[in-house]
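The next block holds one structure in the form of structure tokens; read it before the comments.
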Amino acid sequence: MHITGSILVTGGAGFIGSHTVVELLAAGREVVVLDNFCNAKPSVLPRIRTLAGRDFTFQEGDVCDKGTLESVFRKHDIGAVIHFAGLKAVGESTRLPLDYYRNNLSGTIGLLETMQAFGCRNLVFSSSATVYGDPAEVPIRESFPLSATNPYGRSKLMVEDLCRDLAASEAGWRIALLRYFNPVGAHPSGLLGEDPQGIPNNLMPYLLQVAAGQRPFLEVFGQDYPTPDGSGVRDYLHVVDLAKGHLAALGALHGLQGAVPINLGTGKGYSVLEMIQALERTVGHPIPWRFGPRRPGDIAQCYADPTRAQELLGWRAVLDLDCMCRDGWNWQQSGAVAQI
Ligand code: NAD
Ligand code: UD1
């Protein structure tokens with residue numbers, strides 16, 4: 001890796017961030033995590049330390065607070081930033097658009113200004129496959145047209161545009177715009193995973209709660225999509241693979257010019273019905289489900305062409321669907337969810 005100094009990880013206590021911090025520490029990196037715990041719990045921090053067998057610096061604070069950002073950059077020699085901090089629930093974003101634009105857009109502007117002021121121009125940003133809107137075809141390549149239909153998606157697209165404009169205005173910026181497909185699973189230890197507040201919005205956390213008997217059944221949103229079995233198709237990706245993708249991006253930043261979008265997905269699509277069957281194989285009993293109407297805003301199918309990630313980052317997903325189900329179920333069963 002050509003980047004020296006510490007890695008600032010905003011949102012490092014969250015689902016993807018916590019897994020990434022473990023990988024960074026395992027790779028010998030010095031890490032500074034900034035998180036305000038708006039969607040994470042402090043108990044994740046000792047778990048990261050246990051898994052990594054090493055310590056890191058934690059700063060509780062809001063990425064929207066320029067004073068906090070400046071003090072982090074003053075105290076530490078930050079060589080690169082991995083920017084996870086943000087809000088991510090599509091439905092909530094339509095009810096609370098200002099919160100989404102403040103956290104996701106203003107927060108990133110303040111971060112970029114601070115990076116510029118301190119001469120740090122290396123950034124790995126959490127974008128999303130949502131920036132492709134309803135793609136005309138699959139697999140999705142980075143060159144496809146971009147669009148967004150809700151405030152969350154627009155906030156990601158705006159940050160991407162902001163990064164492209166910034167990189168065009170000033171030489172030296174190296175920005176990986178990582179477009180994640182559907183992260184699922186958990187750390188194999190059972191110590192880290194996703195802990196959704198309230199009713200889960202996303203398929204896997206909901207399905208795991210049904211499998212555990214915490215909810216009566218899964219509603220499959222739509223049965224008449226133009227897909228092989230009529231249910232929606234997505235590119236599910238193990239969160240540990242995704243975390244490793246961030247290390248690969250850091251390692252490859254020196255070779256990037258400007259702001260470069262990169263898909264992080266497996267390249268394989270699975271339908272909702274296939275996901276139910278896969279989790280049933282893992283848990284060893286049937287999982288109740290029934291068809292319901294389509295969810296507004298959902299698309300039929302979405303999976304990545306992961307070629308660019310392989311070419312530029314030397315990264316590809318290696319953990320299969322059974323592994324995603326096994327580790328997700330282990331996390332669900334381990335009681336870790338209840339303890340956090
Ligand atoms: P998460 O909510 O688990 O993690 C986000 C973390 O950021 C949390 O720990 C939260 O407390 C923190 N945070 C939020 N706003 C903050 C602020 N203003 N200041 C400081 N900390 C703040 O979410 P995640 O699933 O780990 O997602 C991480 C990033 O990846 C997000 O930007 C999300 O939009 C993006 N993303 C996620 C998915 C997904 O399906 N999980 C898909 C595509 C993109
Ligand atoms: C959602 C977000 C998207 C975000 C992505 C990853 C919406 C409209 N879109 O997309 O912006 O980038 O998560 O975080 O929220 N499903 C069911 N029953 C359920 C839940 C989901 O059938 O209870 C189906 C969906 O219709 C879809 C698939 O499962 O076909 C996956 O859903 P989900 O996990 O919410 O991810 P996305 O729809 O890809």
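Letters A, B, ... mark the chains of the structure tokens in the order given; residue numbers begin at 1 per chain; ligand numbers begin at 1, in order shown.
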Can you pull out every residue with an atom within 9 Å of ligand 1? Use only C-alpha atoms and all ligand atoms and format it as a PyMOL selection string.
chain A and resi 10-19+34-41+60-65+83-89+102-104+107+125-130+152-153+156+178-184+193-196+202+239
Residues near Leu105 of chain A, cut-off 10 Å, only C-alpha atoms, skip fewer than 6 positions along chain, as a PyMOL selection string:
chain A and resi 64+86+98-99+111+152+154-160+162
Using only C-alpha atoms and all ligand atoms, what are the residues with an atom within 6 Å of ligand 2, set out as a ChimeraX atom specification?
/A:90,128-130,182,201-203,218-221,232-234,272,295,297-298
Near-Thr50 of chain A list (12 Å; only C-alpha atoms; drop same-chain fewer than 5 positions) as a list in words:
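Everything that qualifies: Val21, Val22, Leu25, Ala26, Ser43, Val44, Leu45, Asp55, Phe56, Ser189, Leu191 and Leu192 of chain A.
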Taking the backbone alone, and naming residues the way the document does, which bits of segment 19-203 of chain A are alpha helix (DSSP H) by DSSP, as a ChimeraX atom specification?
/A:19-26,44-52,66-75,90-95,97-100,107-117,151-169,203
Atom-to-atom span, atom CA of Ala186 of chain A and atom CA of Val131 of chain A, Å
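These two atoms are separated by 24.7 Å.
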